[in-house]
file query-v5.tsv (TSV, C-alpha atoms)
chain	number	residue	atom	x	y	z
T	1	MET	CA	130.31	100.56	171.07
T	2	ALA	CA	134.09	100.28	171.35
T	3	VAL	CA	136.10	103.48	171.19
T	4	THR	CA	139.23	103.40	169.04
T	5	VAL	CA	142.01	104.84	171.20
T	6	PHE	CA	145.17	106.44	169.83
T	7	THR	CA	148.01	106.98	172.31
T	8	ASP	CA	150.36	108.77	169.91
T	9	LEU	CA	150.20	110.66	166.63
T	10	ARG	CA	151.99	107.89	164.68
T	11	GLN	CA	149.04	105.58	165.37
T	12	ILE	CA	146.70	108.14	163.80
T	13	LYS	CA	148.86	108.26	160.66
T	14	ASP	CA	148.82	104.46	160.48
T	15	ALA	CA	145.01	104.46	160.65
T	16	VAL	CA	144.44	106.36	157.39
T	17	GLY	CA	141.87	104.47	155.34
T	18	LYS	CA	140.61	102.36	158.23
T	19	HIS	CA	137.06	102.45	159.52
T	20	LEU	CA	137.17	103.26	163.25
T	21	GLY	CA	133.71	102.11	164.29
T	22	HIS	CA	130.30	103.52	165.12
T	23	SER	CA	128.66	105.60	167.82
T	24	ASP	CA	125.56	104.61	169.73
T	25	TRP	CA	122.18	105.02	168.03
T	26	LEU	CA	120.29	108.22	168.84
T	27	GLU	CA	116.57	108.78	168.33
T	28	ILE	CA	115.70	112.07	166.66
T	29	THR	CA	112.75	113.42	168.64
T	30	GLN	CA	110.48	116.34	167.84
T	31	GLU	CA	111.69	117.94	171.06
T	32	ARG	CA	115.32	117.85	169.84
T	33	ILE	CA	114.26	119.33	166.49
T	34	ASN	CA	112.27	122.09	168.23
T	35	LEU	CA	115.18	122.92	170.54
T	36	PHE	CA	117.50	123.18	167.54
T	37	ALA	CA	114.98	125.41	165.77
T	38	ASP	CA	114.86	127.68	168.82
T	39	ALA	CA	118.66	127.78	169.09
T	40	THR	CA	119.15	128.68	165.42
T	41	GLY	CA	115.98	130.59	164.58
T	42	ASP	CA	115.19	128.11	161.78
T	43	HIS	CA	111.49	127.39	162.29
T	44	GLN	CA	110.72	126.19	158.76
T	45	TRP	CA	107.47	124.21	158.75
T	46	ILE	CA	109.08	120.99	157.47
T	47	HIS	CA	110.86	120.83	160.84
T	48	VAL	CA	108.47	122.21	163.45
T	49	ASP	CA	104.88	122.17	162.14
T	50	VAL	CA	103.95	118.55	162.79
T	51	GLU	CA	100.50	118.64	161.15
T	52	LYS	CA	101.60	120.53	158.04
T	53	ALA	CA	104.73	118.36	157.71
T	54	LYS	CA	102.56	115.22	157.67
T	55	GLU	CA	101.05	116.57	154.44
T	56	GLY	CA	104.42	117.68	153.08
T	57	PRO	CA	106.95	115.95	150.85
T	58	PHE	CA	108.44	113.78	153.61
T	59	GLY	CA	105.22	112.68	155.37
T	60	ALA	CA	106.53	113.85	158.75
T	61	PRO	CA	108.73	116.56	160.23
T	62	ILE	CA	112.41	116.14	159.39
T	63	ALA	CA	115.52	117.15	161.28
T	64	HIS	CA	117.43	120.19	160.09
T	65	GLY	CA	120.44	119.26	158.00
T	66	TYR	CA	122.59	121.35	160.32
T	67	LEU	CA	121.20	119.49	163.33
T	68	THR	CA	122.34	116.25	161.73
T	69	LEU	CA	125.73	117.84	161.00
T	70	ALA	CA	126.05	119.11	164.58
T	71	LEU	CA	125.48	115.61	165.94
T	72	SER	CA	128.93	114.70	164.58
T	73	ASN	CA	130.29	116.46	167.69
T	74	LEU	CA	128.30	114.01	169.82
T	75	PHE	CA	129.23	110.95	167.77
T	76	LEU	CA	132.95	111.42	167.11
T	77	PRO	CA	134.09	111.16	170.78
T	78	GLN	CA	132.11	107.90	171.01
T	79	ILE	CA	134.17	106.56	168.08
T	80	LEU	CA	137.70	107.78	168.67
T	81	GLU	CA	139.84	109.12	171.48
T	82	VAL	CA	143.29	110.65	171.15
T	83	ARG	CA	145.43	110.54	174.28
T	84	ASN	CA	148.71	112.19	175.24
T	85	ILE	CA	147.94	115.48	173.51
T	86	SER	CA	147.39	118.95	174.93
T	87	MET	CA	144.17	119.43	172.97
T	88	GLY	CA	142.13	118.66	169.91
T	89	VAL	CA	140.45	121.52	168.09
T	90	ASN	CA	137.76	121.61	165.45
T	91	TYR	CA	139.44	123.24	162.43
T	92	GLY	CA	136.55	123.12	159.98
T	93	MET	CA	134.87	121.08	157.30
T	94	GLU	CA	136.14	120.27	153.84
T	95	LYS	CA	132.90	118.83	152.49
T	96	VAL	CA	129.38	118.22	153.78
T	97	ARG	CA	126.55	116.42	152.00
T	98	PHE	CA	122.96	115.61	153.04
T	99	PRO	CA	121.91	112.61	150.87
T	100	ALA	CA	118.72	111.75	152.79
T	101	PRO	CA	116.29	113.50	155.16
T	102	VAL	CA	115.95	112.35	158.78
T	103	PRO	CA	112.26	111.97	159.72
T	104	VAL	CA	111.27	112.53	163.33
T	105	GLY	CA	111.41	109.26	165.22
T	106	SER	CA	114.34	107.95	163.20
T	107	ARG	CA	117.45	106.60	164.84
T	108	VAL	CA	120.84	107.80	163.62
T	109	ARG	CA	124.45	106.98	164.43
T	110	GLY	CA	127.84	108.08	163.24
T	111	GLY	CA	130.63	106.05	161.72
T	112	ALA	CA	134.13	107.39	161.11
T	113	GLU	CA	137.14	106.79	158.93
T	114	ILE	CA	140.39	108.75	158.88
T	115	VAL	CA	140.93	109.82	155.27
T	116	ALA	CA	143.99	112.06	155.60
T	117	VAL	CA	146.64	113.11	158.11
T	118	ALA	CA	149.14	115.94	157.64
T	119	ASP	CA	151.89	117.17	159.93
T	120	ILE	CA	151.43	120.72	161.23
T	121	ALA	CA	153.48	122.76	163.68
T	122	GLY	CA	152.99	121.12	167.06
T	123	GLY	CA	150.86	118.18	165.95
T	124	VAL	CA	148.77	116.77	163.12
T	125	GLN	CA	145.76	117.77	161.10
T	126	VAL	CA	143.30	114.93	160.56
T	127	VAL	CA	140.41	114.65	158.10
T	128	ASN	CA	137.76	112.32	159.50
T	129	ARG	CA	134.95	111.21	157.20
T	130	ILE	CA	131.94	110.97	159.46
T	131	THR	CA	128.92	109.22	157.98
T	132	VAL	CA	125.64	109.71	159.82
T	133	GLU	CA	123.49	106.67	159.08
T	134	ILE	CA	119.72	106.39	159.40
T	135	GLU	CA	118.63	103.04	160.78
T	136	GLY	CA	116.99	101.04	157.98
T	137	SER	CA	117.88	103.52	155.22
T	138	ALA	CA	120.06	102.73	152.21
T	139	LYS	CA	121.27	106.35	152.07
T	140	PRO	CA	123.09	108.19	154.84
T	141	ALA	CA	121.68	111.37	156.35
T	142	CYS	CA	124.96	113.23	156.25
T	143	VAL	CA	128.55	112.71	155.13
T	144	ILE	CA	131.10	115.08	156.61
T	145	ASP	CA	134.81	115.49	155.95
T	146	SER	CA	135.65	117.07	159.28
T	147	VAL	CA	139.06	118.59	159.97
T	148	THR	CA	140.53	118.30	163.47
T	149	ARG	CA	143.90	119.42	164.75
T	150	TYR	CA	145.53	117.38	167.51
T	151	LEU	CA	148.28	119.30	169.29
T	152	LEU	CA	151.00	117.98	171.58

call {"tool": "encode", "arguments": {"input": "query-v5.tsv", "output": "structure tokens"}}
result
Amino acid sequence: MAVTVFTDLRQIKDAVGKHLGHSDWLEITQERINLFADATGDHQWIHVDVEKAKEGPFGAPIAHGYLTLALSNLFLPQILEVRNISMGVNYGMEKVRFPAPVPVGSRVRGGAEIVAVADIAGGVQVVNRITVEIEGSAKPACVIDSVTRYLL
């Protein structure tokens, strides 16, 4: 994994439309799913009841969609780094999709592309399209248009 490093805001603007790379692969374990269920209170059987999930529509427990979404916060810093700013803040999401389930035991990673940059007071607002891939799957687990503000 090679992190794409930006040392000024102009470089970010010049990177619109370019793929920035991928994060490391991460195995989705039942323990991680259970911890997420405990943190959010979402104990739906397709996530946490291993035996029942084996008989369910996916043949195994699957990760919560919001767990997959939350992993973007783990993956994005492995893909890009912005230097010479006072801070970067999560501003929100423009669009989130979950095209494919993530069965327990799968490996996922994030890839990122800058799709838009706009000037704001004191910095820039960046839309990163983060695609969470499932190893060996034709469809991604999650596609996120994540909005970040980088302030000088």

call {"tool": "closest_residue", "arguments": {"input": "query-v5.tsv", "among": "T:Ile120, T:Met87, T:Ala63, T:Leu151", "to": "T:Asn34", "atoms": "all atoms listed in the file"}}
result
T:Ala63

call {"tool": "axis_aligned_box", "arguments": {"input": "query-v5.tsv", "around": "stretch 128-142 of chain T", "padding_each_side": "3 Å", "output": "lines of an AutoDock Vina configuration file"}}
result
center_x = 127.4
center_y = 107.1
center_z = 156.4
size_x = 26.8
size_y = 18.2
size_z = 14.7

call {"tool": "residues_near_point", "arguments": {"input": "query-v5.tsv", "point": "(114.7, 125.7, 159.6)", "cutoff": "12 Å", "atoms": "all atoms listed in the file", "output": "ChimeraX atom specification"}}
result
/T:33-49,61-67

call {"tool": "closest_residue", "arguments": {"input": "query-v5.tsv", "among": "T:Val50, T:Leu9, T:Ile28, T:Leu69", "to": "T:Val104", "atoms": "all atoms listed in the file"}}
result
T:Ile28

call {"tool": "atom_distance", "arguments": {"input": "query-v5.tsv", "atom1": "atom CA of T:Lys52", "atom2": "atom CA of T:Val143"}}
result
28.2 Å

call {"tool": "residues_around", "arguments": {"input": "query-v5.tsv", "residues": "T:Glu81", "least_positions_apart": "3", "cutoff": "9 Å", "atoms": "all atoms listed in the file", "output": "number ranges by chain"}}
result
T: 3-7, 76-78

call {"tool": "write_last_selection", "arguments": {"input": "query-v5.tsv", "atoms": "C-alpha atoms", "output": "PDB file, keeping the file's coordinate frame"}}
result
ATOM      1  CA  VAL T   3     136.100 103.480 171.190  1.00  0.00           C
ATOM      2  CA  THR T   4     139.230 103.400 169.040  1.00  0.00           C
ATOM      3  CA  VAL T   5     142.010 104.840 171.200  1.00  0.00           C
ATOM      4  CA  PHE T   6     145.170 106.440 169.830  1.00  0.00           C
ATOM      5  CA  THR T   7     148.010 106.980 172.310  1.00  0.00           C
ATOM      6  CA  LEU T  76     132.950 111.420 167.110  1.00  0.00           C
ATOM      7  CA  PRO T  77     134.090 111.160 170.780  1.00  0.00           C
ATOM      8  CA  GLN T  78     132.110 107.900 171.010  1.00  0.00           C
TER       9      GLN T  78
END

call {"tool": "closest_residue", "arguments": {"input": "query-v5.tsv", "among": "T:Ile114, T:Ser146, T:Trp25, T:Pro140", "to": "T:Leu80", "atoms": "only C-alpha atoms"}}
result
T:Ile114

call {"tool": "atom_distance", "arguments": {"input": "query-v5.tsv", "atom1": "atom CA of T:Phe75", "atom2": "atom CA of T:Thr131"}}
result
9.9 Å

call {"tool": "closest_residue", "arguments": {"input": "query-v5.tsv", "among": "T:Ala2, T:Val132, T:Val82, T:Ala138", "to": "T:Arg97", "atoms": "all atoms listed in the file"}}
result
T:Val132

call {"tool": "atom_distance", "arguments": {"input": "query-v5.tsv", "atom1": "atom CA of T:Ala60", "atom2": "atom CA of T:Phe98"}}
result
17.5 Å

call {"tool": "closest_residue", "arguments": {"input": "query-v5.tsv", "among": "T:Glu51, T:His19, T:Thr68, T:Asp8", "to": "T:Arg32", "atoms": "all atoms listed in the file"}}
result
T:Thr68

call {"tool": "closest_residue", "arguments": {"input": "query-v5.tsv", "among": "T:Met93, T:Val102, T:Val127, T:Val115", "to": "T:Lys18", "atoms": "only C-alpha atoms"}}
result
T:Val115

call {"tool": "residues_near_point", "arguments": {"input": "query-v5.tsv", "point": "(115.4, 107.4, 166.1)", "cutoff": "8 Å", "atoms": "all atoms listed in the file", "output": "MDAnalysis selection string"}}
result
chainID T and resid 25:29 104:108 135

call {"tool": "decode", "arguments": {"input": "query-v5.tsv", "residues": "stretch 17-150 of chain T", "atoms": "C-alpha atoms", "output": "compact mmCIF listing (two decimals), in the first residue's frame"}}
result
# COMPACT_ATOMS: atom_id res chain seq x y z
CA GLY T 17 -10.87 12.17 -11.40
CA LYS T 18 -7.75 10.24 -10.45
CA HIS T 19 -7.78 6.96 -8.56
CA LEU T 20 -5.61 7.36 -5.46
CA GLY T 21 -4.99 3.72 -4.59
CA HIS T 22 -6.18 1.06 -2.18
CA SER T 23 -6.02 0.29 1.51
CA ASP T 24 -4.80 -2.96 3.00
CA TRP T 25 -7.14 -5.95 2.97
CA LEU T 26 -9.12 -6.56 6.16
CA GLU T 27 -10.80 -9.82 7.14
CA ILE T 28 -14.35 -9.44 8.40
CA THR T 29 -14.56 -11.69 11.44
CA GLN T 30 -17.61 -12.74 13.42
CA GLU T 31 -16.04 -11.03 16.42
CA ARG T 32 -15.93 -7.68 14.57
CA ILE T 33 -19.57 -8.14 13.49
CA ASN T 34 -20.62 -8.98 17.07
CA LEU T 35 -18.77 -5.97 18.47
CA PHE T 36 -20.50 -3.72 15.94
CA ALA T 37 -23.85 -5.25 16.85
CA ASP T 38 -23.17 -4.54 20.53
CA ALA T 39 -22.08 -0.96 19.79
CA THR T 40 -25.17 -0.18 17.70
CA GLY T 41 -27.82 -2.44 19.21
CA ASP T 42 -28.41 -4.08 15.81
CA HIS T 43 -28.51 -7.79 16.65
CA GLN T 44 -30.46 -8.94 13.59
CA TRP T 45 -30.00 -12.69 13.11
CA ILE T 46 -28.41 -12.36 9.65
CA HIS T 47 -25.45 -10.76 11.43
CA VAL T 48 -25.08 -12.48 14.79
CA ASP T 49 -26.90 -15.84 14.79
CA VAL T 50 -24.31 -18.03 13.08
CA GLU T 51 -26.42 -21.20 12.89
CA LYS T 52 -29.60 -19.50 11.69
CA ALA T 53 -27.63 -17.37 9.20
CA LYS T 54 -26.17 -20.54 7.64
CA GLU T 55 -29.74 -21.46 6.68
CA GLY T 56 -30.58 -17.91 5.59
CA PRO T 57 -30.41 -16.18 2.22
CA PHE T 58 -26.64 -15.58 2.31
CA GLY T 59 -25.48 -18.98 3.65
CA ALA T 60 -23.50 -17.33 6.45
CA PRO T 61 -23.64 -14.30 8.71
CA ILE T 62 -23.04 -11.02 6.89
CA ALA T 63 -21.55 -7.76 8.07
CA HIS T 64 -23.89 -4.88 8.77
CA GLY T 65 -24.03 -2.41 5.90
CA TYR T 66 -23.18 0.36 8.36
CA LEU T 67 -20.17 -1.61 9.59
CA THR T 68 -18.92 -1.72 6.01
CA LEU T 69 -19.62 2.00 5.67
CA ALA T 70 -17.80 2.76 8.94
CA LEU T 71 -14.69 0.97 7.70
CA SER T 72 -14.19 3.85 5.25
CA ASN T 73 -12.78 5.75 8.24
CA LEU T 74 -10.16 3.01 8.62
CA PHE T 75 -9.40 2.76 4.90
CA LEU T 76 -9.23 6.40 3.78
CA PRO T 77 -6.15 7.37 5.87
CA GLN T 78 -4.36 4.34 4.37
CA ILE T 79 -5.06 5.77 0.90
CA LEU T 80 -4.54 9.50 1.21
CA GLU T 81 -2.86 11.99 3.51
CA VAL T 82 -3.22 15.75 3.40
CA ARG T 83 -0.36 17.71 4.95
CA ASN T 84 0.08 21.37 5.86
CA ILE T 85 -3.50 21.84 7.05
CA SER T 86 -4.87 22.60 10.50
CA MET T 87 -7.40 19.77 10.29
CA GLY T 88 -9.61 17.59 8.17
CA VAL T 89 -13.20 17.06 9.25
CA ASN T 90 -15.83 14.59 8.16
CA TYR T 91 -18.63 16.74 6.70
CA GLY T 92 -21.04 14.00 5.67
CA MET T 93 -22.05 11.70 2.87
CA GLU T 94 -23.67 12.58 -0.42
CA LYS T 95 -24.53 9.04 -1.48
CA VAL T 96 -24.10 5.54 -0.07
CA ARG T 97 -24.92 2.25 -1.77
CA PHE T 98 -24.56 -1.39 -0.65
CA PRO T 99 -24.43 -3.46 -3.89
CA ALA T 100 -23.30 -6.75 -2.29
CA PRO T 101 -23.36 -8.37 1.17
CA VAL T 102 -20.11 -9.10 3.01
CA PRO T 103 -20.12 -12.68 4.38
CA VAL T 104 -18.16 -13.39 7.53
CA GLY T 105 -14.64 -14.45 6.64
CA SER T 106 -14.49 -12.20 3.58
CA ARG T 107 -11.65 -9.79 3.02
CA VAL T 108 -12.44 -6.20 2.08
CA ARG T 109 -10.42 -3.14 1.17
CA GLY T 110 -11.12 0.42 0.18
CA GLY T 111 -10.19 2.28 -2.96
CA ALA T 112 -10.60 6.03 -3.40
CA GLU T 113 -11.01 8.61 -6.10
CA ILE T 114 -11.50 12.36 -5.69
CA VAL T 115 -14.64 13.24 -7.63
CA ALA T 116 -15.08 16.91 -6.70
CA VAL T 117 -13.30 19.76 -4.94
CA ALA T 118 -14.84 23.12 -4.04
CA ASP T 119 -13.31 26.13 -2.34
CA ILE T 120 -14.81 26.99 1.05
CA ALA T 121 -13.86 29.64 3.60
CA GLY T 122 -10.49 28.60 4.99
CA GLY T 123 -9.92 25.54 2.81
CA VAL T 124 -11.55 23.08 0.44
CA GLN T 125 -14.42 20.64 0.48
CA VAL T 126 -13.58 17.31 -1.15
CA VAL T 127 -15.89 14.52 -2.30
CA ASN T 128 -14.05 11.20 -2.19
CA ARG T 129 -15.68 8.18 -3.80
CA ILE T 130 -14.66 5.29 -1.60
CA THR T 131 -15.36 1.84 -3.01
CA VAL T 132 -15.19 -1.04 -0.54
CA GLU T 133 -14.29 -4.15 -2.53
CA ILE T 134 -14.83 -7.75 -1.51
CA GLU T 135 -11.94 -9.99 -2.49
CA GLY T 136 -13.06 -12.24 -5.36
CA SER T 137 -16.42 -10.51 -5.87
CA ALA T 138 -17.51 -8.77 -9.06
CA LYS T 139 -19.66 -6.33 -7.06
CA PRO T 140 -18.41 -3.96 -4.37
CA ALA T 141 -19.75 -4.12 -0.83
CA CYS T 142 -20.21 -0.39 -0.51
CA VAL T 143 -19.76 2.76 -2.58
CA ILE T 144 -19.60 6.01 -0.63
CA ASP T 145 -19.40 9.60 -1.78
CA SER T 146 -17.83 10.97 1.38
CA VAL T 147 -17.45 14.70 1.98
CA THR T 148 -14.39 15.96 3.85
CA ARG T 149 -13.35 19.51 4.61
CA TYR T 150 -9.63 20.28 4.76
